[in-house]
Amino acid sequence: ARLIDFDNPEANHFVAINQFRVDTPGQAKEHIRPDIVLFVNGLPLVVIEAKEANTFTSLPLEEAKRQLMRYAERRDDSTKGGVKEGEERLFHFNLFSVATTGTQAVYGSITAEPDEFQTWRSIEPPVYQSYTPPLGGAPRAQEVLIQGMLPKPTLLDLLQNFCLFATKRDKLVKVVCRYQQYRAILKALARIRSNSGDERGGVIWHTQGSGKSLTMVFFVKKLRSSKDLFDLKIIMVNDRTDLEEQLGGTAQLAGEAITTIGSTDELKARLSGQDSGLYL
C-alpha cells in the first residue's frame with residue numbers, strides 16, 4: 001500500500017488544522033493544543049507552534065520550542081516533575097516541527113534538541129520565489145520557511161529524499177536536511193540535466209563538520225527517485241582510509257548496496273558495464 005503518492009503530489013490530501021486538540025485525560029493538563037498541524041493523507045507530518053512576545057512571554061521562540069518538546073513528551077523528568085504532559089503519538093509520523101514568531105522561524109526533527117533547531121534561509125526551486133509577503137515589505141523568516149519547505153511538492157520531496165535515521169553519540173536520531181543541502185542538490189541535478197556530457201559538473205563546497213557525507217546520501221536518494229537520472233553510476237572518491245570507513249558507513253543510509261573498488265583496473269571495468277551501482 002502506498003500511503004503517499006510521491007509522483008503526483010496533487011493526488012494527495014493536504015489539510016492544515018488550526019488549534020488541533022488532542023485529549024490527554026489523567027495528565028497534568030486535559031489536552032494539548034498545537035497551533036497548526038499539517039496532515040498529508042491523514043498523517044500528521046508537521047506540527048507548528050507560533051508565539052509572540054507579550055507580558056507573559058519575553059522569549060517567544062524559546063517558548064514555542066519548549067511547547068513542542070512538551071507536546072512530544074520529550075522534556076526530562078527533572079523539568080516536568082515526573083508526570084506525563086504530552087502525547088507522543090501525535091509525532092509518530094512527524095517529519096519536522098516548526099517554532100515561529102513570524103520574524104523568527106526554525107524547524108527541527110523529532111529528536112532535535114531546542115538548540116539544534118535550524119533556520120531555513122533559501123527558497124528552491126525558483127518557482128516558489130515569486131510571492132507577495134502577507135504583511136508587505138521584506139519577507140520574514142516565517143515566509144521564507146513556508147515558501148522553502150511547505151509547498152506540497154517540496155514537503156513530499158523532503159519526506160522522500162531528504163530525511164533519514166542515523167546514529168549520533170550512540171543514539172538513533174532523525175535527520176532532516178539543511179537548506180544549503182537541499183539547494184545544492186537541486187542545483188546539482190539541474191546541472192546534470194543540462195550537461196551535454198563533455199562539460200565539468202561543478203563543486204559543492206563544505207566546511208568541516210557541515211554534513212558533506214549526508215549531502216552525498218541525500219543526493220543519491222534524490223537521484224534514485226528521479227525517473228530520468230535513476231540509473232546513473234555514482235562514484236565516491238576519498239583520500240584517507242578513515243574517511244573511507246566513515247563515508248562507507250554513511251553511504252549505507254542511502255539504502256543501496258555499496259561496491260568497494262580496489263584498483264584502477266577494477267574501476268575501469270565497472271565503468272564500462274551497464275549497471276547503475278554505487279562505488280566507493
# chains A, B, ... in the order shown; residues from 1 in each chain; ligands from 1
>>> select_by_dssp(residues="stretch 14-208 of chain A", states="alpha helix (DSSP H)", output="PyMOL selection string")
chain A and resi 60-71+77-80+141-149+152-161+179-194
>>> atom_distance(atom1="atom CA of A:Pro44", atom2="atom CA of A:Asn94")
6.2 Å
>>> select_by_dssp(residues="stretch 20-223 of chain A", states="strand (DSSP E)", output="number ranges by chain")
A: 22-23, 31-32, 36-40, 43-50, 96-100, 105-108, 163-168, 171-176
>>> write_last_selection(atoms="C-alpha atoms", output="CSV table (one decimal), in the first residue's frame")
chain,number,residue,atom,x,y,z
A,22,VAL,CA,-5.6,16.1,21.4
A,23,ASP,CA,-7.2,15.0,24.7
A,31,HIS,CA,-5.4,18.2,26.4
A,32,ILE,CA,-2.6,19.6,24.2
A,36,ILE,CA,-1.2,24.2,13.5
A,37,VAL,CA,-0.8,20.6,12.4
A,38,LEU,CA,-0.2,19.8,8.7
A,39,PHE,CA,-1.7,16.4,7.6
A,40,VAL,CA,-1.0,14.5,4.4
A,43,LEU,CA,-0.7,11.6,8.6
A,44,PRO,CA,0.4,14.5,10.9
A,45,LEU,CA,3.7,15.3,9.2
A,46,VAL,CA,4.4,18.8,10.6
A,47,VAL,CA,3.5,20.4,13.9
A,48,ILE,CA,3.8,24.2,14.2
A,49,GLU,CA,3.8,26.3,17.3
A,50,ALA,CA,3.5,30.1,17.0
A,96,PHE,CA,9.7,18.0,11.4
A,97,SER,CA,8.2,20.6,13.7
A,98,VAL,CA,8.3,24.4,13.4
A,99,ALA,CA,8.6,27.1,16.1
A,100,THR,CA,7.8,30.6,14.8
A,105,ALA,CA,11.2,30.7,12.4
A,106,VAL,CA,13.1,27.4,13.0
A,107,TYR,CA,12.5,23.7,12.4
A,108,GLY,CA,13.8,20.5,13.9
A,163,CYS,CA,15.3,12.8,5.8
A,164,LEU,CA,16.8,9.6,7.3
A,165,PHE,CA,17.7,8.0,10.6
A,166,ALA,CA,21.4,7.9,11.7
A,167,THR,CA,23.4,7.2,14.8
A,168,LYS,CA,24.8,10.2,16.7
A,171,LYS,CA,21.7,7.4,19.9
A,172,LEU,CA,19.3,7.0,16.9
A,173,VAL,CA,18.4,10.4,15.6
A,174,LYS,CA,16.2,11.6,12.8
A,175,VAL,CA,18.0,13.9,10.3
A,176,VAL,CA,16.3,16.4,8.1
>>> residues_around(residues="A:Arg270", least_positions_apart="2", cutoff="12 Å", atoms="only C-alpha atoms", output="list in words")
Lys233, Ile234, Ile235, Thr259, Thr260, Ile261, Gly262, Ser263, Thr264, Asp265, Glu266, Leu267, Lys268, Ser272, Gly273, Gln274, Asp275, Ser276, Gly277, Leu278, Tyr279 and Leu280 of chain A
>>> decode(residues="stretch 61-181 of chain A", atoms="C-alpha atoms", output="PDB file, in the first residue's frame")
ATOM      1  CA  LEU A  61      10.799  31.454  20.093  1.00  0.00           C
ATOM      2  CA  GLU A  62      12.221  29.549  23.061  1.00  0.00           C
ATOM      3  CA  GLU A  63       8.732  29.201  24.485  1.00  0.00           C
ATOM      4  CA  ALA A  64       7.483  27.764  21.166  1.00  0.00           C
ATOM      5  CA  LYS A  65      10.279  25.182  21.173  1.00  0.00           C
ATOM      6  CA  ARG A  66       9.551  24.348  24.805  1.00  0.00           C
ATOM      7  CA  GLN A  67       5.915  23.779  23.924  1.00  0.00           C
ATOM      8  CA  LEU A  68       6.870  21.438  21.096  1.00  0.00           C
ATOM      9  CA  MET A  69       9.066  19.449  23.464  1.00  0.00           C
ATOM     10  CA  ARG A  70       6.170  19.235  25.913  1.00  0.00           C
ATOM     11  CA  TYR A  71       3.696  18.121  23.256  1.00  0.00           C
ATOM     12  CA  ALA A  72       6.106  15.382  22.130  1.00  0.00           C
ATOM     13  CA  GLU A  73       6.694  14.223  25.719  1.00  0.00           C
ATOM     14  CA  ARG A  74      10.413  14.956  25.362  1.00  0.00           C
ATOM     15  CA  ARG A  75      11.101  17.116  28.407  1.00  0.00           C
ATOM     16  CA  ASP A  76      13.068  15.273  31.092  1.00  0.00           C
ATOM     17  CA  ASP A  77      11.556  14.320  34.424  1.00  0.00           C
ATOM     18  CA  SER A  78      13.513  16.958  36.334  1.00  0.00           C
ATOM     19  CA  THR A  79      11.792  19.615  34.211  1.00  0.00           C
ATOM     20  CA  LYS A  80       8.259  18.259  34.097  1.00  0.00           C
ATOM     21  CA  GLY A  81       8.118  16.883  37.638  1.00  0.00           C
ATOM     22  CA  GLY A  82       7.846  13.216  36.668  1.00  0.00           C
ATOM     23  CA  VAL A  83       4.361  13.494  35.165  1.00  0.00           C
ATOM     24  CA  LYS A  84       3.245  12.865  31.605  1.00  0.00           C
ATOM     25  CA  GLU A  85       2.362  16.132  29.896  1.00  0.00           C
ATOM     26  CA  GLY A  86       2.121  15.495  26.145  1.00  0.00           C
ATOM     27  CA  GLU A  87       1.084  12.924  23.553  1.00  0.00           C
ATOM     28  CA  GLU A  88       3.991  11.372  21.691  1.00  0.00           C
ATOM     29  CA  ARG A  89       1.665   9.504  19.324  1.00  0.00           C
ATOM     30  CA  LEU A  90       0.983  12.799  17.547  1.00  0.00           C
ATOM     31  CA  PHE A  91       4.641  12.691  16.479  1.00  0.00           C
ATOM     32  CA  HIS A  92       4.909   9.083  15.289  1.00  0.00           C
ATOM     33  CA  PHE A  93       4.702  10.298  11.672  1.00  0.00           C
ATOM     34  CA  ASN A  94       6.433  13.630  12.264  1.00  0.00           C
ATOM     35  CA  LEU A  95       8.763  14.844   9.513  1.00  0.00           C
ATOM     36  CA  PHE A  96       9.713  18.014  11.371  1.00  0.00           C
ATOM     37  CA  SER A  97       8.240  20.603  13.722  1.00  0.00           C
ATOM     38  CA  VAL A  98       8.310  24.390  13.417  1.00  0.00           C
ATOM     39  CA  ALA A  99       8.627  27.080  16.079  1.00  0.00           C
ATOM     40  CA  THR A 100       7.839  30.572  14.826  1.00  0.00           C
ATOM     41  CA  THR A 101       7.348  34.143  15.946  1.00  0.00           C
ATOM     42  CA  GLY A 102       6.972  35.485  12.408  1.00  0.00           C
ATOM     43  CA  THR A 103      10.287  37.338  12.350  1.00  0.00           C
ATOM     44  CA  GLN A 104      11.992  34.167  13.575  1.00  0.00           C
ATOM     45  CA  ALA A 105      11.154  30.665  12.424  1.00  0.00           C
ATOM     46  CA  VAL A 106      13.089  27.434  12.978  1.00  0.00           C
ATOM     47  CA  TYR A 107      12.485  23.740  12.365  1.00  0.00           C
ATOM     48  CA  GLY A 108      13.753  20.520  13.894  1.00  0.00           C
ATOM     49  CA  SER A 109      13.179  16.783  13.721  1.00  0.00           C
ATOM     50  CA  ILE A 110      11.545  14.764  16.476  1.00  0.00           C
ATOM     51  CA  THR A 111      14.968  14.050  18.038  1.00  0.00           C
ATOM     52  CA  ALA A 112      16.362  17.601  17.760  1.00  0.00           C
ATOM     53  CA  GLU A 113      17.179  19.421  20.982  1.00  0.00           C
ATOM     54  CA  PRO A 114      15.957  23.035  21.277  1.00  0.00           C
ATOM     55  CA  ASP A 115      19.411  24.446  20.435  1.00  0.00           C
ATOM     56  CA  GLU A 116      19.592  22.251  17.315  1.00  0.00           C
ATOM     57  CA  PHE A 117      16.595  23.790  15.540  1.00  0.00           C
ATOM     58  CA  GLN A 118      17.623  25.432  12.258  1.00  0.00           C
ATOM     59  CA  THR A 119      16.552  28.413  10.161  1.00  0.00           C
ATOM     60  CA  TRP A 120      15.583  27.751   6.522  1.00  0.00           C
ATOM     61  CA  ARG A 121      17.169  30.627   4.580  1.00  0.00           C
ATOM     62  CA  SER A 122      16.547  29.992   0.885  1.00  0.00           C
ATOM     63  CA  ILE A 123      13.671  29.171  -1.445  1.00  0.00           C
ATOM     64  CA  GLU A 124      14.172  26.462  -4.041  1.00  0.00           C
ATOM     65  CA  PRO A 125      13.105  25.694  -6.716  1.00  0.00           C
ATOM     66  CA  PRO A 126      12.804  29.256  -8.072  1.00  0.00           C
ATOM     67  CA  VAL A 127       9.116  28.833  -8.949  1.00  0.00           C
ATOM     68  CA  TYR A 128       8.300  29.480  -5.260  1.00  0.00           C
ATOM     69  CA  GLN A 129      10.396  32.651  -5.007  1.00  0.00           C
ATOM     70  CA  SER A 130       7.734  34.856  -6.570  1.00  0.00           C
ATOM     71  CA  TYR A 131       5.143  35.644  -3.914  1.00  0.00           C
ATOM     72  CA  THR A 132       3.754  38.616  -2.044  1.00  0.00           C
ATOM     73  CA  PRO A 133       4.645  38.673   1.674  1.00  0.00           C
ATOM     74  CA  PRO A 134       1.338  38.797   3.573  1.00  0.00           C
ATOM     75  CA  LEU A 135       2.396  41.785   5.689  1.00  0.00           C
ATOM     76  CA  GLY A 136       4.138  43.630   2.859  1.00  0.00           C
ATOM     77  CA  GLY A 137       7.758  44.723   2.919  1.00  0.00           C
ATOM     78  CA  ALA A 138      10.647  42.278   3.147  1.00  0.00           C
ATOM     79  CA  PRO A 139       9.865  38.579   3.692  1.00  0.00           C
ATOM     80  CA  ARG A 140      10.238  37.413   7.280  1.00  0.00           C
ATOM     81  CA  ALA A 141      11.870  34.148   8.344  1.00  0.00           C
ATOM     82  CA  GLN A 142       8.405  32.591   8.596  1.00  0.00           C
ATOM     83  CA  GLU A 143       7.581  33.354   4.955  1.00  0.00           C
ATOM     84  CA  VAL A 144      10.944  32.010   3.772  1.00  0.00           C
ATOM     85  CA  LEU A 145      10.386  28.763   5.683  1.00  0.00           C
ATOM     86  CA  ILE A 146       6.850  28.402   4.337  1.00  0.00           C
ATOM     87  CA  GLN A 147       7.913  29.006   0.720  1.00  0.00           C
ATOM     88  CA  GLY A 148      11.089  26.965   1.112  1.00  0.00           C
ATOM     89  CA  MET A 149       9.758  23.901   2.959  1.00  0.00           C
ATOM     90  CA  LEU A 150       5.970  23.715   2.780  1.00  0.00           C
ATOM     91  CA  PRO A 151       4.876  23.811  -0.875  1.00  0.00           C
ATOM     92  CA  LYS A 152       3.197  20.465  -1.488  1.00  0.00           C
ATOM     93  CA  PRO A 153       5.868  19.033  -3.856  1.00  0.00           C
ATOM     94  CA  THR A 154       8.698  20.310  -1.622  1.00  0.00           C
ATOM     95  CA  LEU A 155       7.234  18.830   1.547  1.00  0.00           C
ATOM     96  CA  LEU A 156       6.875  15.434  -0.112  1.00  0.00           C
ATOM     97  CA  ASP A 157      10.376  15.734  -1.587  1.00  0.00           C
ATOM     98  CA  LEU A 158      11.807  16.375   1.880  1.00  0.00           C
ATOM     99  CA  LEU A 159       9.921  13.353   3.186  1.00  0.00           C
ATOM    100  CA  GLN A 160      11.004  11.014   0.402  1.00  0.00           C
ATOM    101  CA  ASN A 161      14.601  12.051  -0.195  1.00  0.00           C
ATOM    102  CA  PHE A 162      15.914  14.408   2.464  1.00  0.00           C
ATOM    103  CA  CYS A 163      15.300  12.751   5.809  1.00  0.00           C
ATOM    104  CA  LEU A 164      16.829   9.638   7.330  1.00  0.00           C
ATOM    105  CA  PHE A 165      17.725   7.962  10.599  1.00  0.00           C
ATOM    106  CA  ALA A 166      21.362   7.923  11.708  1.00  0.00           C
ATOM    107  CA  THR A 167      23.386   7.224  14.843  1.00  0.00           C
ATOM    108  CA  LYS A 168      24.786  10.207  16.734  1.00  0.00           C
ATOM    109  CA  ARG A 169      26.671   9.712  20.000  1.00  0.00           C
ATOM    110  CA  ASP A 170      25.279   6.169  20.206  1.00  0.00           C
ATOM    111  CA  LYS A 171      21.703   7.436  19.858  1.00  0.00           C
ATOM    112  CA  LEU A 172      19.330   6.998  16.939  1.00  0.00           C
ATOM    113  CA  VAL A 173      18.390  10.420  15.589  1.00  0.00           C
ATOM    114  CA  LYS A 174      16.160  11.618  12.777  1.00  0.00           C
ATOM    115  CA  VAL A 175      17.990  13.886  10.336  1.00  0.00           C
ATOM    116  CA  VAL A 176      16.275  16.410   8.076  1.00  0.00           C
ATOM    117  CA  CYS A 177      18.434  18.264   5.562  1.00  0.00           C
ATOM    118  CA  ARG A 178      19.514  21.880   5.920  1.00  0.00           C
ATOM    119  CA  TYR A 179      18.568  24.479   3.337  1.00  0.00           C
ATOM    120  CA  GLN A 180      22.128  24.520   1.938  1.00  0.00           C
ATOM    121  CA  GLN A 181      21.961  20.802   1.222  1.00  0.00           C
TER     122      GLN A 181
END
